[in-house]
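This is my_file.tsv. It holds TSV, C-alpha atoms.
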chain	number	residue	atom	x	y	z
A	1	MET	CA	152.67	16.39	23.76
A	2	GLY	CA	149.41	16.13	21.76
A	3	LEU	CA	148.90	14.95	18.23
A	4	SER	CA	148.25	18.54	17.17
A	5	THR	CA	151.98	19.35	17.64
A	6	LYS	CA	153.36	16.33	15.76
A	7	TRP	CA	153.01	17.62	12.22
A	8	ASN	CA	155.40	16.39	9.59
A	9	ALA	CA	155.74	18.00	6.15
A	10	ASP	CA	152.90	15.96	4.62
A	11	THR	CA	150.50	16.73	7.46
A	12	ALA	CA	151.35	20.43	7.29
A	13	HIS	CA	150.78	20.41	3.53
A	14	ILE	CA	147.27	19.03	4.02
A	15	LEU	CA	146.09	20.90	7.11
A	16	THR	CA	147.86	24.28	7.14
A	17	LEU	CA	145.42	25.84	4.66
A	18	TYR	CA	142.42	24.97	6.85
A	19	LYS	CA	144.23	25.92	10.04
A	20	TYR	CA	144.46	29.53	8.86
A	21	LEU	CA	141.38	29.73	6.63
A	22	LEU	CA	138.91	28.21	9.10
A	23	GLY	CA	140.83	29.67	12.03
A	24	THR	CA	139.87	33.20	10.94
A	25	LEU	CA	136.24	32.32	11.73
A	26	GLY	CA	137.02	30.22	14.81
A	27	LEU	CA	136.23	26.94	13.03
A	28	TRP	CA	139.56	25.15	13.38
A	29	VAL	CA	138.90	22.07	15.51
A	30	LEU	CA	142.34	21.92	17.15
A	31	ASP	CA	141.72	25.42	18.56
A	32	GLU	CA	138.19	24.62	19.68
A	33	LYS	CA	138.91	25.08	23.39
A	34	ASN	CA	140.70	28.38	22.80
A	35	VAL	CA	138.68	31.35	24.09
A	36	PHE	CA	139.70	33.67	21.24
A	37	SER	CA	138.68	31.02	18.72
A	38	ARG	CA	135.23	30.85	20.26
A	39	ILE	CA	134.98	34.64	20.22
A	40	ARG	CA	135.84	34.68	16.50
A	41	TRP	CA	133.19	32.00	15.89
A	42	PHE	CA	130.58	34.04	17.79
A	43	ILE	CA	131.38	37.24	15.87
A	44	SER	CA	131.27	35.39	12.54
A	45	THR	CA	127.90	33.87	13.42
A	46	MET	CA	126.46	37.27	14.42
A	47	VAL	CA	127.75	38.87	11.21
A	48	GLU	CA	126.13	36.16	9.10
A	49	MET	CA	122.89	36.31	11.10
A	50	SER	CA	122.71	40.05	10.45
A	51	ALA	CA	122.96	39.30	6.72
A	52	THR	CA	120.17	36.72	6.91
A	53	ILE	CA	117.86	39.00	8.86
A	54	SER	CA	118.39	42.08	6.68
A	55	LEU	CA	118.02	40.13	3.42
A	56	SER	CA	114.94	38.27	4.68
A	57	LEU	CA	113.30	41.58	5.56
A	58	GLU	CA	114.19	42.81	2.08
A	59	VAL	CA	112.38	39.84	0.54
A	60	ILE	CA	109.32	40.47	2.73
A	61	ARG	CA	109.12	44.19	1.89
A	62	HIS	CA	110.29	43.95	-1.81
A	63	CYS	CA	109.99	47.70	-2.36
A	64	ARG	CA	112.24	47.88	-5.46
A	65	GLY	CA	110.83	45.29	-7.83
A	66	HIS	CA	111.18	41.56	-8.33
A	67	GLU	CA	114.82	41.58	-9.51
A	68	ASP	CA	116.19	43.02	-6.26
A	69	ALA	CA	113.82	40.85	-4.23
A	70	LEU	CA	115.09	37.69	-5.96
A	71	ASP	CA	118.71	38.77	-5.51
A	72	ALA	CA	118.00	39.31	-1.81
A	73	PHE	CA	116.36	35.88	-1.60
A	74	LEU	CA	119.36	34.17	-3.21
A	75	SER	CA	121.79	35.97	-0.91
A	76	ALA	CA	119.62	35.17	2.12
A	77	SER	CA	119.54	31.49	1.15
A	78	SER	CA	123.32	31.44	0.86
A	79	SER	CA	123.58	33.08	4.28
A	80	VAL	CA	121.27	30.44	5.77
A	81	ILE	CA	123.58	27.68	4.49
A	82	SER	CA	126.57	29.56	5.91
A	83	ILE	CA	124.90	29.90	9.32
A	84	SER	CA	124.00	26.21	9.33
A	85	LYS	CA	127.67	25.34	8.74
A	86	LEU	CA	128.76	27.72	11.50
A	87	LEU	CA	126.23	26.38	14.01
A	88	LEU	CA	126.63	22.70	13.12
A	89	HIS	CA	130.38	23.07	13.58
A	90	ARG	CA	129.76	23.83	17.23
A	91	ILE	CA	127.62	20.68	17.54
A	92	ASN	CA	129.85	18.33	15.54
A	93	TRP	CA	133.36	19.59	16.24
A	94	LYS	CA	134.30	16.45	18.24
A	95	HIS	CA	133.62	14.25	15.20
A	96	LYS	CA	135.83	16.52	13.07
A	97	LEU	CA	138.54	16.43	15.72
A	98	ILE	CA	138.68	12.63	15.53
A	99	LEU	CA	139.08	12.83	11.75
A	100	VAL	CA	141.83	15.46	11.94
A	101	GLU	CA	143.71	13.44	14.54
A	102	SER	CA	143.46	10.41	12.25
A	103	ILE	CA	145.13	12.41	9.46
A	104	ILE	CA	147.95	13.43	11.79
A	105	TYR	CA	148.37	9.86	13.04
A	106	ASP	CA	148.28	8.24	9.58
A	107	TRP	CA	150.84	10.60	8.06
A	108	THR	CA	153.08	10.38	11.12
A	109	PHE	CA	153.29	6.60	11.25
A	110	VAL	CA	153.09	5.58	7.58
A	111	THR	CA	156.15	3.51	6.70
A	112	ASN	CA	155.20	1.56	3.59
A	113	SER	CA	156.15	3.49	0.43
A	114	HIS	CA	153.27	1.95	-1.51
A	115	SER	CA	150.79	3.04	1.15
A	116	ARG	CA	152.29	6.52	1.16
A	117	ASP	CA	151.89	6.77	-2.61
A	118	ILE	CA	148.19	5.92	-2.29
A	119	MET	CA	147.76	8.49	0.48
A	120	LEU	CA	149.55	11.10	-1.63
A	121	LYS	CA	147.24	10.36	-4.56
A	122	TYR	CA	144.15	10.98	-2.46
A	123	SER	CA	145.65	14.04	-0.80
A	124	ARG	CA	146.17	15.53	-4.28
A	125	ILE	CA	142.57	14.74	-5.19
A	126	GLY	CA	141.44	16.35	-1.94
A	127	ARG	CA	143.53	19.43	-2.52
A	128	PHE	CA	142.28	19.72	-6.10
A	129	GLY	CA	138.64	19.60	-4.93
A	130	SER	CA	139.37	22.10	-2.17
A	131	VAL	CA	141.00	24.49	-4.63
A	132	ILE	CA	137.93	24.24	-6.89
A	133	PHE	CA	135.70	25.18	-3.95
A	134	LEU	CA	137.95	28.13	-3.13
A	135	TYR	CA	138.16	29.32	-6.74
A	136	LEU	CA	134.39	29.18	-7.10
A	137	GLY	CA	133.95	31.15	-3.90
A	138	CYS	CA	136.52	33.73	-4.99
A	139	ALA	CA	134.86	34.00	-8.42
A	140	SER	CA	131.49	34.70	-6.77
A	141	VAL	CA	133.02	37.33	-4.46
A	142	VAL	CA	134.89	39.00	-7.33
A	143	PHE	CA	131.70	39.03	-9.39
A	144	LEU	CA	129.72	40.68	-6.57
A	145	PHE	CA	132.37	43.32	-5.94
A	146	SER	CA	132.97	44.03	-9.63
A	147	SER	CA	129.25	44.42	-10.37
A	148	PHE	CA	129.04	46.76	-7.37
A	149	ILE	CA	131.98	48.85	-8.61
A	150	PHE	CA	130.70	49.04	-12.20
A	151	ALA	CA	127.25	50.05	-10.98
A	152	ASN	CA	128.75	52.94	-9.01
A	153	LEU	CA	131.33	54.17	-11.54
A	154	ASP	CA	129.12	57.02	-12.65
A	155	LEU	CA	128.76	58.36	-9.10
A	156	SER	CA	130.89	61.15	-7.72
A	157	TRP	CA	132.97	59.99	-4.76
A	158	ILE	CA	133.93	63.58	-3.93
A	159	SER	CA	132.00	64.97	-0.99
A	160	GLU	CA	129.91	67.80	-2.48
A	161	VAL	CA	126.91	69.50	-0.91
A	162	GLU	CA	124.62	68.94	-3.90
A	163	ASN	CA	125.40	65.21	-3.99
A	164	TYR	CA	125.29	64.58	-0.24
A	165	ASN	CA	121.65	63.50	-0.13
A	166	LYS	CA	121.65	61.49	-3.38
A	167	THR	CA	123.04	58.38	-1.79
A	168	SER	CA	119.86	56.44	-2.49
A	169	GLU	CA	121.09	56.05	-6.07
A	170	LYS	CA	124.18	54.16	-4.95
A	171	ARG	CA	124.17	50.40	-5.31
A	172	LEU	CA	124.75	48.14	-2.33
A	173	LEU	CA	126.83	44.99	-2.33
A	174	LEU	CA	123.78	43.06	-1.12
A	175	ALA	CA	120.24	44.08	-2.05
A	176	ALA	CA	118.95	45.48	1.25
A	177	TYR	CA	117.53	48.81	0.08
A	178	CYS	CA	114.16	48.51	1.83
A	179	VAL	CA	115.82	47.71	5.14
A	180	PHE	CA	118.30	50.57	5.23
A	181	GLY	CA	116.11	53.11	3.42
A	182	ASN	CA	117.64	56.55	2.88
A	183	TYR	CA	121.19	56.85	4.16
A	184	THR	CA	123.90	59.48	4.25
A	185	SER	CA	127.34	59.04	2.75
A	186	PHE	CA	128.81	58.11	6.14
A	187	THR	CA	126.07	55.56	6.81
A	188	TYR	CA	126.51	54.20	3.30
A	189	GLY	CA	130.18	53.55	4.02
A	190	LEU	CA	129.35	51.68	7.23
A	191	ILE	CA	126.73	49.59	5.41
A	192	GLU	CA	129.23	48.61	2.73
A	193	VAL	CA	131.84	47.63	5.32
A	194	LEU	CA	129.26	45.45	7.09
A	195	GLN	CA	128.11	43.84	3.83
A	196	ALA	CA	131.70	43.22	2.74
A	197	LEU	CA	132.29	41.40	6.04
A	198	GLN	CA	129.09	39.42	5.51
A	199	ILE	CA	130.22	38.33	2.05
A	200	LEU	CA	133.71	37.35	3.22
A	201	VAL	CA	132.38	35.38	6.21
A	202	ASN	CA	129.92	33.64	3.89
A	203	CYS	CA	132.64	32.75	1.40
A	204	ILE	CA	135.09	31.40	4.00
A	205	SER	CA	132.38	29.52	5.88
A	206	GLN	CA	131.07	27.87	2.72
A	207	CYS	CA	134.27	27.21	0.76
A	208	GLY	CA	136.42	26.47	3.79
A	209	ASN	CA	133.97	23.95	5.22
A	210	ASP	CA	133.31	22.34	1.83
A	211	GLY	CA	137.01	22.00	1.06
A	212	PHE	CA	137.69	20.65	4.55
A	213	PHE	CA	134.92	18.07	4.14
A	214	PHE	CA	136.31	17.00	0.76
A	215	ASP	CA	139.85	16.61	2.08
A	216	LEU	CA	138.70	14.60	5.10
A	217	THR	CA	136.61	12.31	2.90
A	218	MET	CA	139.46	11.73	0.46
A	219	HIS	CA	141.79	10.82	3.32
A	220	VAL	CA	139.32	8.21	4.61
A	221	CYS	CA	138.94	6.89	1.04
A	222	GLY	CA	142.71	6.65	0.73
A	223	GLN	CA	142.88	4.60	3.93
A	224	PHE	CA	140.23	2.26	2.57
A	225	GLU	CA	142.27	1.74	-0.60
A	226	VAL	CA	145.43	1.07	1.42
A	227	LEU	CA	143.56	-1.56	3.41
A	228	ARG	CA	142.07	-3.00	0.22
A	229	MET	CA	145.54	-3.45	-1.27
A	230	ASP	CA	146.74	-5.12	1.94
A	231	PHE	CA	143.79	-7.52	1.87
A	232	ALA	CA	144.40	-8.33	-1.80
A	233	GLU	CA	148.10	-9.06	-1.14
A	234	MET	CA	147.41	-11.67	1.53
A	235	SER	CA	149.16	-14.93	0.64
A	236	ASP	CA	149.80	-18.23	2.27
A	237	GLU	CA	153.56	-17.74	2.12
A	238	TYR	CA	153.80	-15.19	4.94
A	239	PHE	CA	150.24	-14.66	6.06
A	240	SER	CA	149.38	-15.52	9.68
A	241	ARG	CA	146.40	-15.09	11.93
A	242	ASP	CA	148.14	-12.29	13.82
A	243	LYS	CA	148.47	-10.29	10.59
A	244	PHE	CA	144.84	-11.02	9.81
A	245	VAL	CA	143.84	-9.64	13.22
A	246	ILE	CA	145.83	-6.47	12.48
A	247	LEU	CA	143.93	-5.98	9.20
A	248	ILE	CA	140.61	-6.54	10.97
A	249	LYS	CA	141.49	-3.92	13.59
A	250	ARG	CA	142.41	-1.45	10.84
A	251	HIS	CA	139.09	-2.15	9.15
A	252	HIS	CA	137.29	-1.54	12.44
A	253	ARG	CA	139.13	1.79	12.77
A	254	LEU	CA	138.04	2.82	9.26
A	255	ILE	CA	134.42	1.93	10.08
A	256	TYR	CA	134.81	4.16	13.13
A	257	LEU	CA	136.20	7.04	11.01
A	258	ALA	CA	133.49	6.67	8.36
A	259	HIS	CA	130.88	6.80	11.12
A	260	HIS	CA	132.31	10.06	12.49
A	261	LEU	CA	132.61	11.50	8.97
A	262	HIS	CA	128.92	10.87	8.41
A	263	LYS	CA	128.01	12.26	11.84
A	264	ALA	CA	130.05	15.41	11.26
A	265	PHE	CA	128.60	16.32	7.85
A	266	ASN	CA	125.25	14.63	7.17
A	267	LEU	CA	123.18	17.63	8.38
A	268	VAL	CA	125.51	20.04	6.58
A	269	ILE	CA	125.03	18.05	3.36
A	270	PHE	CA	121.26	18.04	3.91
A	271	SER	CA	121.06	21.83	4.29
A	272	GLN	CA	123.39	22.30	1.32
A	273	LEU	CA	121.36	19.95	-0.89
A	274	LEU	CA	118.03	21.47	0.08
A	275	MET	CA	119.13	25.03	-0.62
A	276	SER	CA	121.11	24.14	-3.75
A	277	VAL	CA	118.18	22.39	-5.44
A	278	MET	CA	115.89	25.30	-4.63
A	279	LEU	CA	118.42	27.86	-5.85
A	280	LEU	CA	119.03	25.87	-9.03
A	281	CYS	CA	115.35	26.11	-9.92
A	282	ILE	CA	115.17	29.83	-9.10
A	283	GLU	CA	118.38	30.68	-10.95
A	284	GLY	CA	117.25	28.62	-13.94
A	285	PHE	CA	113.93	30.44	-14.00
A	286	GLN	CA	115.69	33.81	-13.85
A	287	LEU	CA	118.06	32.73	-16.62
A	288	ILE	CA	115.15	31.81	-18.91
A	289	LEU	CA	113.40	35.06	-18.03
A	290	THR	CA	116.41	37.28	-18.72
A	291	LEU	CA	117.15	35.48	-21.99
A	292	SER	CA	113.56	36.03	-23.14
A	293	ILE	CA	113.91	39.81	-22.64
A	294	HIS	CA	117.35	39.83	-24.39
A	295	ASP	CA	119.28	41.06	-21.37
A	296	THR	CA	123.09	40.81	-21.66
A	297	PHE	CA	124.58	41.14	-18.18
A	298	ALA	CA	122.00	39.29	-16.05
A	299	PRO	CA	122.29	35.91	-17.86
A	300	MET	CA	126.04	35.84	-17.17
A	301	LYS	CA	125.35	36.25	-13.46
A	302	HIS	CA	122.76	33.47	-13.41
A	303	VAL	CA	124.97	31.10	-15.44
A	304	LEU	CA	127.84	31.69	-13.00
A	305	PHE	CA	125.72	30.83	-9.97
A	306	ILE	CA	124.22	27.76	-11.69
A	307	VAL	CA	127.72	26.48	-12.52
A	308	VAL	CA	128.85	27.11	-8.93
A	309	LEU	CA	125.87	25.21	-7.53
A	310	LEU	CA	126.30	22.28	-9.93
A	311	VAL	CA	130.03	21.94	-9.31
A	312	GLN	CA	129.44	22.14	-5.56
A	313	LEU	CA	126.83	19.38	-5.70
A	314	PHE	CA	129.01	17.28	-8.02
A	315	LEU	CA	131.98	17.39	-5.64
A	316	TYR	CA	129.75	16.34	-2.73
A	317	CYS	CA	128.45	13.44	-4.82
A	318	PHE	CA	131.96	12.57	-6.02
A	319	ALA	CA	133.17	12.34	-2.42
A	320	GLY	CA	130.24	10.12	-1.45
A	321	GLN	CA	130.65	7.91	-4.53
A	322	THR	CA	134.38	7.45	-3.90
A	323	LEU	CA	133.82	6.49	-0.27
A	324	GLU	CA	131.10	4.05	-1.31
A	325	LEU	CA	133.27	2.36	-3.95
A	326	GLN	CA	136.41	2.12	-1.82
A	327	SER	CA	134.61	0.69	1.21
A	328	GLN	CA	132.73	-1.81	-0.94
A	329	GLY	CA	135.92	-2.81	-2.76
A	330	LEU	CA	137.24	-4.53	0.36
A	331	ALA	CA	134.89	-7.48	-0.27
A	332	TYR	CA	136.39	-8.05	-3.73
A	333	ALA	CA	139.92	-7.66	-2.33
A	334	VAL	CA	139.32	-10.38	0.26
A	335	TYR	CA	137.92	-12.70	-2.39
A	336	ASP	CA	140.87	-12.01	-4.73
A	337	SER	CA	143.36	-13.11	-2.08
A	338	SER	CA	144.70	-16.65	-1.77
A	339	TRP	CA	142.05	-17.46	0.83
A	340	TYR	CA	141.83	-21.09	-0.28
A	341	ASN	CA	145.37	-21.71	1.07
A	342	PHE	CA	144.80	-20.06	4.45
A	343	ASP	CA	144.50	-21.80	7.77
A	344	LEU	CA	141.01	-23.15	8.44
A	345	SER	CA	140.44	-20.79	11.40
A	346	VAL	CA	141.20	-17.79	9.18
A	347	MET	CA	139.01	-19.08	6.36
A	348	LYS	CA	136.05	-19.28	8.73
A	349	ASP	CA	136.40	-15.57	9.57
A	350	LEU	CA	136.68	-14.36	5.97
A	351	PRO	CA	132.90	-14.64	5.20
A	352	LEU	CA	132.22	-12.29	8.12
A	353	VAL	CA	134.64	-9.74	6.67
A	354	ILE	CA	133.07	-10.05	3.21
A	355	LEU	CA	129.58	-9.76	4.68
A	356	ARG	CA	130.52	-6.55	6.53
A	357	THR	CA	132.29	-4.95	3.59
A	358	ALA	CA	129.49	-5.84	1.16
A	359	THR	CA	127.45	-3.04	2.75
A	360	PRO	CA	129.24	0.16	1.65
A	361	HIS	CA	129.64	3.26	3.75
A	362	GLN	CA	127.61	6.17	2.39
A	363	LEU	CA	127.47	9.90	2.90
A	364	THR	CA	123.84	10.89	3.16
A	365	ALA	CA	121.92	14.15	3.24
A	366	GLY	CA	120.32	13.97	6.66
A	367	LYS	CA	120.01	10.16	6.34
A	368	PHE	CA	117.46	10.67	3.55
A	369	LEU	CA	119.45	10.62	0.33
A	370	ALA	CA	122.78	8.98	-0.45
A	371	MET	CA	125.24	11.37	-2.06
A	372	ASN	CA	126.55	9.59	-5.16
A	373	PHE	CA	126.47	9.91	-8.93
A	374	ALA	CA	123.00	8.36	-9.13
A	375	SER	CA	121.64	11.09	-6.85
A	376	PHE	CA	123.44	13.77	-8.86
A	377	LYS	CA	121.85	12.41	-12.05
A	378	GLU	CA	118.39	12.49	-10.46
A	379	ILE	CA	118.93	16.07	-9.29
A	380	LEU	CA	119.90	17.13	-12.81
A	381	LYS	CA	116.91	15.32	-14.34
A	382	ALA	CA	114.46	16.89	-11.88
A	383	SER	CA	115.91	20.39	-12.37
A	384	ALA	CA	115.88	20.04	-16.18
A	385	SER	CA	112.26	18.84	-16.13
A	386	TYR	CA	111.24	21.77	-13.96
A	387	LEU	CA	112.98	24.29	-16.23
A	388	SER	CA	111.46	22.72	-19.36
A	389	VAL	CA	107.99	23.18	-17.92
A	390	LEU	CA	108.77	26.80	-17.02
A	391	ARG	CA	110.13	27.52	-20.49
A	392	VAL	CA	106.94	26.18	-22.11
A	393	MET	CA	104.82	28.27	-19.73
A	394	LEU	CA	106.75	31.42	-20.60
A	395	GLU	CA	106.45	30.79	-24.35
A	396	THR	CA	102.67	30.20	-24.28
Show how you would write the structure in this file as structure tokens.
Amino acid sequence: MGLSTKWNADTAHILTLYKYLLGTLGLWVLDEKNVFSRIRWFISTMVEMSATISLSLEVIRHCRGHEDALDAFLSASSSVISISKLLLHRINWKHKLILVESIIYDWTFVTNSHSRDIMLKYSRIGRFGSVIFLYLGCASVVFLFSSFIFANLDLSWISEVENYNKTSEKRLLLAAYCVFGNYTSFTYGLIEVLQALQILVNCISQCGNDGFFFDLTMHVCGQFEVLRMDFAEMSDEYFSRDKFVILIKRHHRLIYLAHHLHKAFNLVIFSQLLMSVMLLCIEGFQLILTLSIHDTFAPMKHVLFIVVLLVQLFLYCFAGQTLELQSQGLAYAVYDSSWYNFDLSVMKDLPLVILRTATPHQLTAGKFLAMNFASFKEILKASASYLSVLRVMLET
């Protein structure tokens, strides 16, 4: 019987959401060898590729003005991030599998009530971050569908001969007017079904993967804090070399998990960061432009997407900062213990532990930029400087 079948209530509470959410797109790692899961992944990838291709062609042709071209560019950029997460899942699924199996193992064999309380604290943080990702994704989808509905309220949905060929006035969910050209009512319905699928696949791929990453990172951080508390509680009264060896082996396992966490998500973080910074600048420029012409609806749309992008980046940086602090805190925990009363053989090994823990584990964007609060601050400063320059240019 595999680990995947040994789910207790706590494990089910953490993983069930992702089992069904990611499973709809064939991204659930425990079903990776299932043929139907791979088929769902392939269909999801093709649907999202069709969105990227059609929206990229729209940007190239830009036959309906700059506003639709920019909307197409933003949607195409989002689709590119979604495709990167779909494709990188296929490359990195073994790293994710190791992390999921560690969650199942840790929740199955936890016996200490204090350790369980720490794990519960981090599982709540992980769930809270995941829910934020899901709410932001749902808000974006609702906004797209509501703007589509309001734009088409004045159209007659009754099939009449005089209105049959006026479908070019109807709004699409995604700005791909140059690609599809003139279309009949039947073709229009098929296009909207396809674009609705593209939006839903994009939302699940982005929010599901982001929430899954956040939950996995918080679990690893929780294990680091459990180990930190165990190191800090070492005392000469009951402490032995055998117990010290057990703690060292647990630390080695956490180093192993942090390595696989970084391997599984560093390219995903890189693609997310690259696109998010670019979209922040574009959305900020559009916000300044629409405010200068006293538009009412467009600024709300741009503010929503800017908030979504900033919250998304913040949660990535929060996860990286938490992992960095918890892994680095082991050095202080070892020093705070009663090391001066230990056996001499144990005391000789403690500097090696402190030396290893003094170098924190980091989540990086493609091994170029560490994801922490300092990076988030620099991103905000660079974006604000760029927008200030644009605002001055528009006013002069």
All residues 7 Å or closer to region 4-19 of chain A, all atoms listed in the file, same chain fewer than 3 positions away omitted, as a count of residues only: 10
All residues 9 Å or closer to Tyr177 (chain A), all atoms listed in the file, same chain fewer than 4 positions away omitted, as a count of residues only: 10
Pick from A:Val47, A:Val193, A:Leu363, A:Met393 nearest to Leu289 (chain A), counting all atoms listed in the file: A:Met393
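Comparing A:Glu225, A:Glu48, A:Asp31, A:Asp106 by their smallest distance to Glu324 (chain A), the closest is A:Glu225 (using all atoms listed in the file).
Using only C-alpha atoms for every distance, the candidate list A:Ala76, A:Leu261, A:Val220, A:Ile288 yields A:Ile288 as the residue closest to Val392 (chain A).
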Nearby residues (all atoms listed in the file) at most 12 Å from Leu144 (chain A), same-chain spacing under 6 positions excluded, as a ChimeraX atom specification: /A:71,75,137-138,150-151,171-175,195-196,199-200,203,301,304-305
